[in-house]
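File shown: start_7.txt. Contents: compact mmCIF, C-alpha atoms.
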# COMPACT_ATOMS: atom_id res chain seq x y z
CA ILE A 1 66.26 -302.21 27.93
CA VAL A 2 62.87 -303.14 29.32
CA SER A 3 60.67 -305.54 27.39
CA ALA A 4 57.47 -307.45 27.93
CA VAL A 5 57.52 -311.21 28.12
CA HIS A 6 53.93 -311.93 27.16
CA GLY A 7 53.63 -309.94 23.98
CA ILE A 8 52.02 -306.78 25.31
CA GLY A 9 50.99 -304.66 22.32
CA THR A 10 53.61 -301.97 22.78
CA GLU A 11 56.13 -301.41 25.50
CA LEU A 12 54.78 -297.90 26.00
CA ALA A 13 51.37 -299.39 26.80
CA GLN A 14 52.80 -301.22 29.82
CA PRO A 15 53.26 -298.98 32.89
CA ARG A 16 56.90 -298.71 33.88
CA VAL A 17 58.26 -299.28 37.37
CA PRO A 18 61.63 -297.49 37.34
CA VAL A 19 62.44 -298.18 41.00
CA ALA A 20 61.92 -301.94 40.68
CA GLU A 21 63.74 -302.03 37.35
CA SER A 22 66.70 -300.05 38.69
CA TRP A 23 66.84 -302.20 41.82
CA THR A 24 66.80 -305.35 39.71
CA LEU A 25 69.64 -304.16 37.47
CA GLY A 26 71.66 -302.91 40.45
CA LEU A 27 71.44 -306.25 42.26
CA ALA A 28 72.20 -308.10 39.04
CA ARG A 29 75.35 -306.04 38.52
CA LEU A 30 76.56 -306.91 42.03
CA LEU A 31 76.24 -310.60 41.18
CA GLY A 32 77.88 -310.41 37.77
CA HIS A 33 76.70 -308.98 34.45
CA PRO A 34 73.02 -308.69 33.57
CA PHE A 35 72.62 -310.07 30.09
CA VAL A 36 70.09 -311.19 27.51
CA PRO A 37 70.29 -314.89 26.54
CA PRO A 38 70.95 -315.19 22.79
CA PHE A 39 67.68 -317.07 22.27
CA PHE A 40 65.65 -313.99 23.11
CA ASP A 41 64.91 -312.84 19.61
CA LYS A 42 62.16 -310.44 18.65
CA GLY A 43 59.60 -313.17 19.27
CA HIS A 44 60.50 -313.27 22.93
CA ARG A 45 60.87 -309.49 23.15
CA GLY A 46 63.26 -310.04 26.03
CA GLY A 47 65.44 -307.31 27.53
CA LEU A 48 67.80 -306.92 30.45
CA VAL A 49 64.68 -306.53 32.57
CA ARG A 50 61.63 -308.55 31.57
CA ASP A 51 58.04 -308.15 32.68
CA MET A 52 56.20 -311.28 33.78
CA VAL A 53 52.53 -310.41 34.06
CA PRO A 54 49.39 -311.94 32.53
CA VAL A 55 47.78 -310.08 29.63
CA PRO A 56 44.67 -310.91 27.56
CA GLY A 57 45.17 -313.86 25.26
CA VAL A 58 47.76 -315.71 27.32
CA GLU A 59 45.58 -317.11 30.07
CA ASN A 60 46.64 -320.59 28.96
CA LEU A 61 50.21 -319.76 30.08
CA CYS A 62 49.10 -319.44 33.68
CA GLY A 63 48.79 -323.19 34.31
CA LEU A 64 51.41 -325.15 36.22
CA LEU A 65 54.89 -324.28 35.00
CA GLY A 66 56.96 -327.42 35.51
CA LEU A 67 60.34 -327.43 37.20
CA HIS A 68 63.23 -326.45 34.96
CA ARG A 69 66.49 -324.57 34.67
CA ASP A 70 66.62 -321.57 32.37
CA PHE A 71 68.84 -322.15 29.31
CA PRO A 72 71.02 -324.89 30.87
CA ALA A 73 74.47 -325.23 29.30
CA SER A 74 73.99 -328.97 28.78
CA VAL A 75 71.09 -328.19 26.44
CA PHE A 76 72.14 -324.91 24.82
CA ALA A 77 75.97 -324.92 24.81
CA PRO A 78 78.09 -323.11 23.70
CA PHE A 79 75.88 -320.21 24.77
CA PRO A 80 76.42 -318.99 28.34
CA GLU A 81 74.06 -320.33 30.96
CA PRO A 82 72.58 -317.77 33.36
CA GLU A 83 74.29 -318.52 36.66
CA THR A 84 71.69 -316.53 38.52
CA PHE A 85 68.49 -314.68 37.95
CA LEU A 86 66.46 -312.30 40.03
CA LEU A 87 62.71 -312.05 40.45
CA VAL A 88 61.43 -308.81 41.95
CA ALA A 89 57.74 -308.53 42.78
CA VAL A 90 56.07 -305.32 41.69
CA ARG A 91 52.75 -306.86 42.74
CA GLY A 92 52.10 -310.13 44.47
CA ASP A 93 49.20 -312.45 43.73
CA PRO A 94 46.30 -311.11 45.86
CA SER A 95 44.99 -314.66 46.27
CA HIS A 96 48.46 -316.00 47.27
CA VAL A 97 47.93 -318.91 44.86
CA ALA A 98 50.66 -318.09 42.33
CA ARG A 99 53.91 -319.17 43.96
CA THR A 100 57.44 -319.64 42.67
CA VAL A 101 58.58 -323.23 43.18
CA VAL A 102 62.27 -323.86 43.95
CA VAL A 103 64.13 -327.13 44.53
CA ASP A 104 67.83 -327.68 45.18
CA SER A 105 69.58 -330.30 43.02
CA GLU A 106 71.12 -332.16 45.95
CA LYS A 107 67.82 -332.31 47.80
CA LEU A 108 66.01 -333.52 44.68
CA ILE A 109 68.54 -336.23 43.84
CA ALA A 110 68.59 -337.44 47.45
CA SER A 111 64.79 -337.82 47.30
CA LEU A 112 64.84 -340.13 44.27
CA SER A 113 65.10 -343.91 44.33
CA ALA A 114 68.53 -345.40 43.65
CA ALA A 115 67.13 -347.05 40.53
CA ASP A 116 65.89 -343.75 39.10
CA VAL A 117 69.18 -341.99 39.90
CA ALA A 118 71.04 -344.75 38.04
CA LEU A 119 68.77 -344.47 34.98
CA LEU A 120 68.85 -340.69 34.83
CA SER A 121 72.62 -340.59 35.31
CA LYS A 122 73.19 -342.93 32.36
CA HIS A 123 70.58 -342.12 29.73
CA GLU A 124 70.05 -338.78 28.01
CA MET A 125 66.77 -336.95 27.52
CA GLN A 126 65.84 -334.90 24.47
CA ALA A 127 63.39 -331.99 24.44
CA GLN A 128 61.12 -331.97 21.43
CA VAL A 129 58.22 -329.98 20.02
CA LEU A 130 55.58 -332.07 18.27
CA LEU A 131 53.99 -330.14 15.41
CA PRO A 132 50.33 -330.59 14.38
CA ASN A 133 51.45 -332.53 11.28
CA GLY A 134 53.21 -335.09 13.48
CA THR A 135 56.76 -333.85 12.86
CA ALA A 136 58.98 -333.84 15.96
CA VAL A 137 61.48 -330.97 16.18
CA ASP A 138 64.41 -331.32 18.59
CA GLN A 139 64.91 -328.40 20.96
CA GLY A 140 68.52 -328.09 22.06
CA ALA A 141 70.91 -330.99 22.57
CA PRO A 142 70.27 -334.27 24.41
CA PHE A 143 71.39 -334.06 28.05
CA LEU A 144 71.83 -336.16 31.18
CA PRO A 145 69.15 -335.30 33.75
CA ILE A 146 71.64 -336.06 36.52
CA ALA A 147 75.22 -335.15 35.64
CA PRO A 148 78.42 -335.15 37.67
CA ARG A 149 80.31 -331.91 38.30
CA GLU A 150 84.03 -331.82 38.94
CA GLY A 151 84.72 -331.36 42.64
CA ARG A 152 81.02 -330.93 43.47
CA ALA A 153 77.88 -332.92 43.97
CA ALA A 154 75.96 -333.98 40.87
CA ALA A 155 73.47 -331.50 39.44
CA ALA A 156 69.94 -332.15 38.23
CA THR A 157 68.71 -330.59 35.01
CA LEU A 158 64.96 -330.39 34.53
CA PHE A 159 63.63 -328.78 31.39
CA VAL A 160 60.29 -327.77 29.87
CA PRO A 161 60.16 -327.61 26.04
CA ASP A 162 58.92 -324.29 24.65
CA ALA A 163 56.33 -324.97 21.97
CA GLY A 164 55.02 -321.41 21.84
CA ALA A 165 57.19 -320.32 18.92
CA HIS A 166 55.86 -323.15 16.73
CA GLY A 167 52.29 -321.95 16.57
CA GLU A 168 48.91 -323.22 17.68
CA GLY A 169 48.62 -326.96 18.16
CA ALA A 170 52.33 -327.57 18.81
CA VAL A 171 53.11 -329.37 22.08
CA GLY A 172 56.32 -330.03 23.97
CA ARG A 173 57.48 -333.43 25.10
CA MET A 174 60.55 -335.11 26.60
CA VAL A 175 61.88 -338.36 25.15
CA SER A 176 64.84 -340.63 25.82
CA PRO A 177 66.30 -341.73 22.47
CA GLU A 178 68.27 -344.62 23.99
CA GLY A 179 66.53 -345.34 27.28
CA GLY A 180 62.97 -345.36 25.96
CA ALA A 181 59.86 -345.67 28.10
CA GLU A 182 61.73 -346.81 31.22
CA VAL A 183 63.85 -343.68 31.38
CA GLU A 184 60.96 -341.42 30.37
CA ALA A 185 58.96 -342.80 33.30
CA ALA A 186 61.91 -342.11 35.64
CA TRP A 187 62.00 -338.54 34.28
CA GLU A 188 58.31 -338.04 35.07
CA ARG A 189 58.89 -339.37 38.59
CA MET A 190 61.76 -336.91 39.08
CA MET A 191 59.52 -334.04 37.97
CA ALA A 192 56.81 -335.15 40.40
CA VAL A 193 59.21 -335.68 43.32
CA GLY A 194 60.68 -332.24 42.69
CA LEU A 195 57.27 -330.65 43.25
CA GLU A 196 56.86 -332.65 46.45
CA VAL A 197 60.15 -331.61 48.06
CA ALA A 198 60.35 -328.05 46.67
CA ASP A 199 59.93 -324.80 48.55
CA TYR A 200 56.97 -322.65 47.55
CA VAL A 201 57.68 -318.92 47.65
CA ASP A 202 54.83 -316.39 47.78
CA LEU A 203 56.43 -313.28 46.31
CA GLN A 204 54.65 -310.13 47.36
CA ALA A 205 55.31 -306.48 46.50
CA GLY A 206 58.91 -305.52 47.29
CA ASP A 207 60.19 -309.10 47.63
CA CYS A 208 63.28 -310.16 45.69
CA LEU A 209 64.17 -313.80 45.05
CA ILE A 210 67.73 -314.57 43.89
CA LEU A 211 68.05 -318.04 42.37
CA ASN A 212 71.18 -320.04 41.58
CA ASN A 213 70.18 -321.32 38.15
CA VAL A 214 73.06 -323.81 37.99
CA ARG A 215 72.16 -325.56 41.24
CA CYS A 216 68.38 -325.11 41.47
CA CYS A 217 65.33 -325.87 39.35
CA HIS A 218 62.29 -323.65 39.54
CA GLY A 219 58.70 -323.43 38.35
CA ARG A 220 55.39 -321.80 39.24
CA THR A 221 52.07 -323.01 40.58
CA ALA A 222 48.96 -322.62 38.44
CA PHE A 223 46.75 -319.58 38.98
CA GLU A 224 43.76 -317.94 37.35
CA PRO A 225 44.48 -314.39 36.16
CA LYS A 226 41.79 -311.79 36.73
CA LEU A 227 43.15 -309.29 34.17
CA ASP A 228 41.87 -306.49 36.37
CA GLY A 229 45.18 -304.67 36.87
CA ASN A 230 45.92 -306.46 40.13
CA ASP A 231 47.47 -309.71 38.90
CA ARG A 232 50.91 -310.88 39.98
CA TRP A 233 53.61 -308.82 38.29
CA LEU A 234 57.28 -309.74 38.50
CA VAL A 235 60.32 -308.27 36.81
CA LYS A 236 63.25 -310.55 36.00
CA SER A 237 66.89 -310.24 35.01
CA TYR A 238 69.49 -312.86 34.11
CA VAL A 239 73.06 -312.70 35.40
CA THR A 240 76.27 -314.31 34.18
CA SER A 241 80.01 -313.95 34.73
CA ASP A 242 80.81 -316.32 31.88
CA LEU A 243 81.16 -313.43 29.45
CA TRP A 244 84.75 -313.11 30.67
CA LYS A 245 87.29 -315.03 32.76
CA ARG A 246 87.36 -314.12 36.43
CA PRO A 247 90.40 -311.97 37.34
CA ALA A 248 93.35 -313.81 38.92
CA THR A 249 91.71 -317.23 38.46
CA GLY A 250 91.94 -317.95 34.76
CA LYS A 251 88.62 -319.74 35.16
CA TYR A 252 85.22 -318.98 33.78
CA GLY A 253 82.60 -317.65 36.16
CA ALA A 254 80.87 -320.99 36.63
CA GLU A 255 84.05 -322.28 38.30
CA ALA A 256 84.80 -319.16 40.35
CA TYR A 257 81.46 -317.60 41.15
CA PRO A 258 81.56 -314.03 42.52
CA ASN A 259 81.37 -314.00 46.31
CA MET A 260 79.84 -310.56 46.59
CA VAL A 261 76.32 -310.76 48.02
CA THR A 262 76.14 -314.54 47.58
CA ARG A 263 78.40 -315.59 50.46
CA ALA A 264 76.97 -315.35 53.98
CA VAL A 265 79.89 -314.23 56.16
CA GLU A 266 77.92 -313.55 59.31
CA ARG A 267 74.31 -314.05 60.27
CA VAL A 268 72.82 -311.07 62.10
CA SER A 269 69.64 -311.37 64.12
CA ASN A 270 67.49 -309.16 66.34
CA VAL A 271 68.20 -306.08 64.29
CA ASP A 272 66.03 -303.12 65.28
The structure in this file should be written as structure tokens.
Amino acid sequence: IVSAVHGIGTELAQPRVPVAESWTLGLARLLGHPFVPPFFDKGHRGGLVRDMVPVPGVENLCGLLGLHRDFPASVFAPFPEPETFLLVAVRGDPSHVARTVVVDSEKLIASLSAADVALLSKHEMQAQVLLPNGTAVDQGAPFLPIAPREGRAAAATLFVPDAGAHGEGAVGRMVSPEGGAEVEAAWERMMAVGLEVADYVDLQAGDCLILNNVRCCHGRTAFEPKLDGNDRWLVKSYVTSDLWKRPATGKYGAEAYPNMVTRAVERVSNVD
């Protein structure tokens, strides 16, 4: 069930960390069901627990990873969207440069201008991959960057096209089929503002970050891998409860999220 995210030659060649992997799966099961998104084919080599560590040949993947949600339903429906995912640090970045970036939707939307909120609430964006021959391939469905949710505050969806599966020379881009340059500029401003108001989390060995993937966008700062066996190494698992309807509610998990672990009933301080 453990696979490597960056195409390590064989899974047996990558040292295993059974305690971190077991901890990750155990926490994921408390939150819902750990699962593998359907897009993780053999090319992604994704499993219930995924390694995220630099290896030779992928140094170019260690630049700034823009803010995004993983497999948002508005882009990839009808497939289930991960409600949550966990990042457990096996090793932290010794230089403390590589940090996970997290921004809450409500905070992000409140930080935008009224004009940009209006544009991004009305006009859809489309993720595309531009091939070396000039052909543009749509990735997922068009979506509203700011979309209302019944009974809740609006949610922001940021997305980064994945051009990796299309070979060398392919690049990702975001376009607005109806809104054009004006909306695309508003999108770029939202991405930039998100980085300004986000929290930057320096995950070090033993740390676990649990992210609400429906409410938050995340990314990663750029860093330079040393490939000396000491680079940042995280393990990750996706969680959903949308594989079944929640008991006694008749609603899917996104509408009745499990309270276990995620609801703070009492705050305890000064614990010896």
- [ ] Choose the residue, out of A:Ser121, A:Ser111, A:Ser237, A:Gln139, that has the smallest atom-to-atom separation from A:Leu211; count all atoms listed in the file.
- [x] A:Ser237
- [ ] With all atoms listed in the file counted, which protein, DNA or RNA residues have an atom no more than 12 Å from (68.3, -343.2, 39.1) in the file frame? Please answer as a PyMOL selection string.
- [x] chain A and resi 108-123+144-147+156+182-190
- [ ] Work out how far atom CA of A:Gln128 is from atom CA of A:Val171, in Å to one decimal.
- [x]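 About the pair atom CA of A:Val171 and atom CA of A:Gln128: they are 8.4 Å apart.
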TODO: For A:Gly172, please output as an NGL selection string all residues within 8 Å (counting all atoms listed in the file; exclusion window: fewer than 5 positions along the same chain).
DONE: :A and (127-130 or 160-163)
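For the pair atom CA of A:Ile210 and atom CA of A:Thr84, the interatomic distance is 7.0 Å.
Of the residues listed (A:Asp202, A:Glu21, A:Cys62, A:Ala141), A:Glu21 shows the shortest atom-to-atom separation from A:Gly47; distances use all atoms listed in the file.
Straight-line separation from atom CA of A:Pro148 to atom CA of A:Val193: 20.0 Å.
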Task: Shell around A:Gly206 at 10 Å using only C-alpha atoms, local window under 2 positions removed, as a PyMOL selection string - done: chain A and resi 20+88-92+203-204+208+234
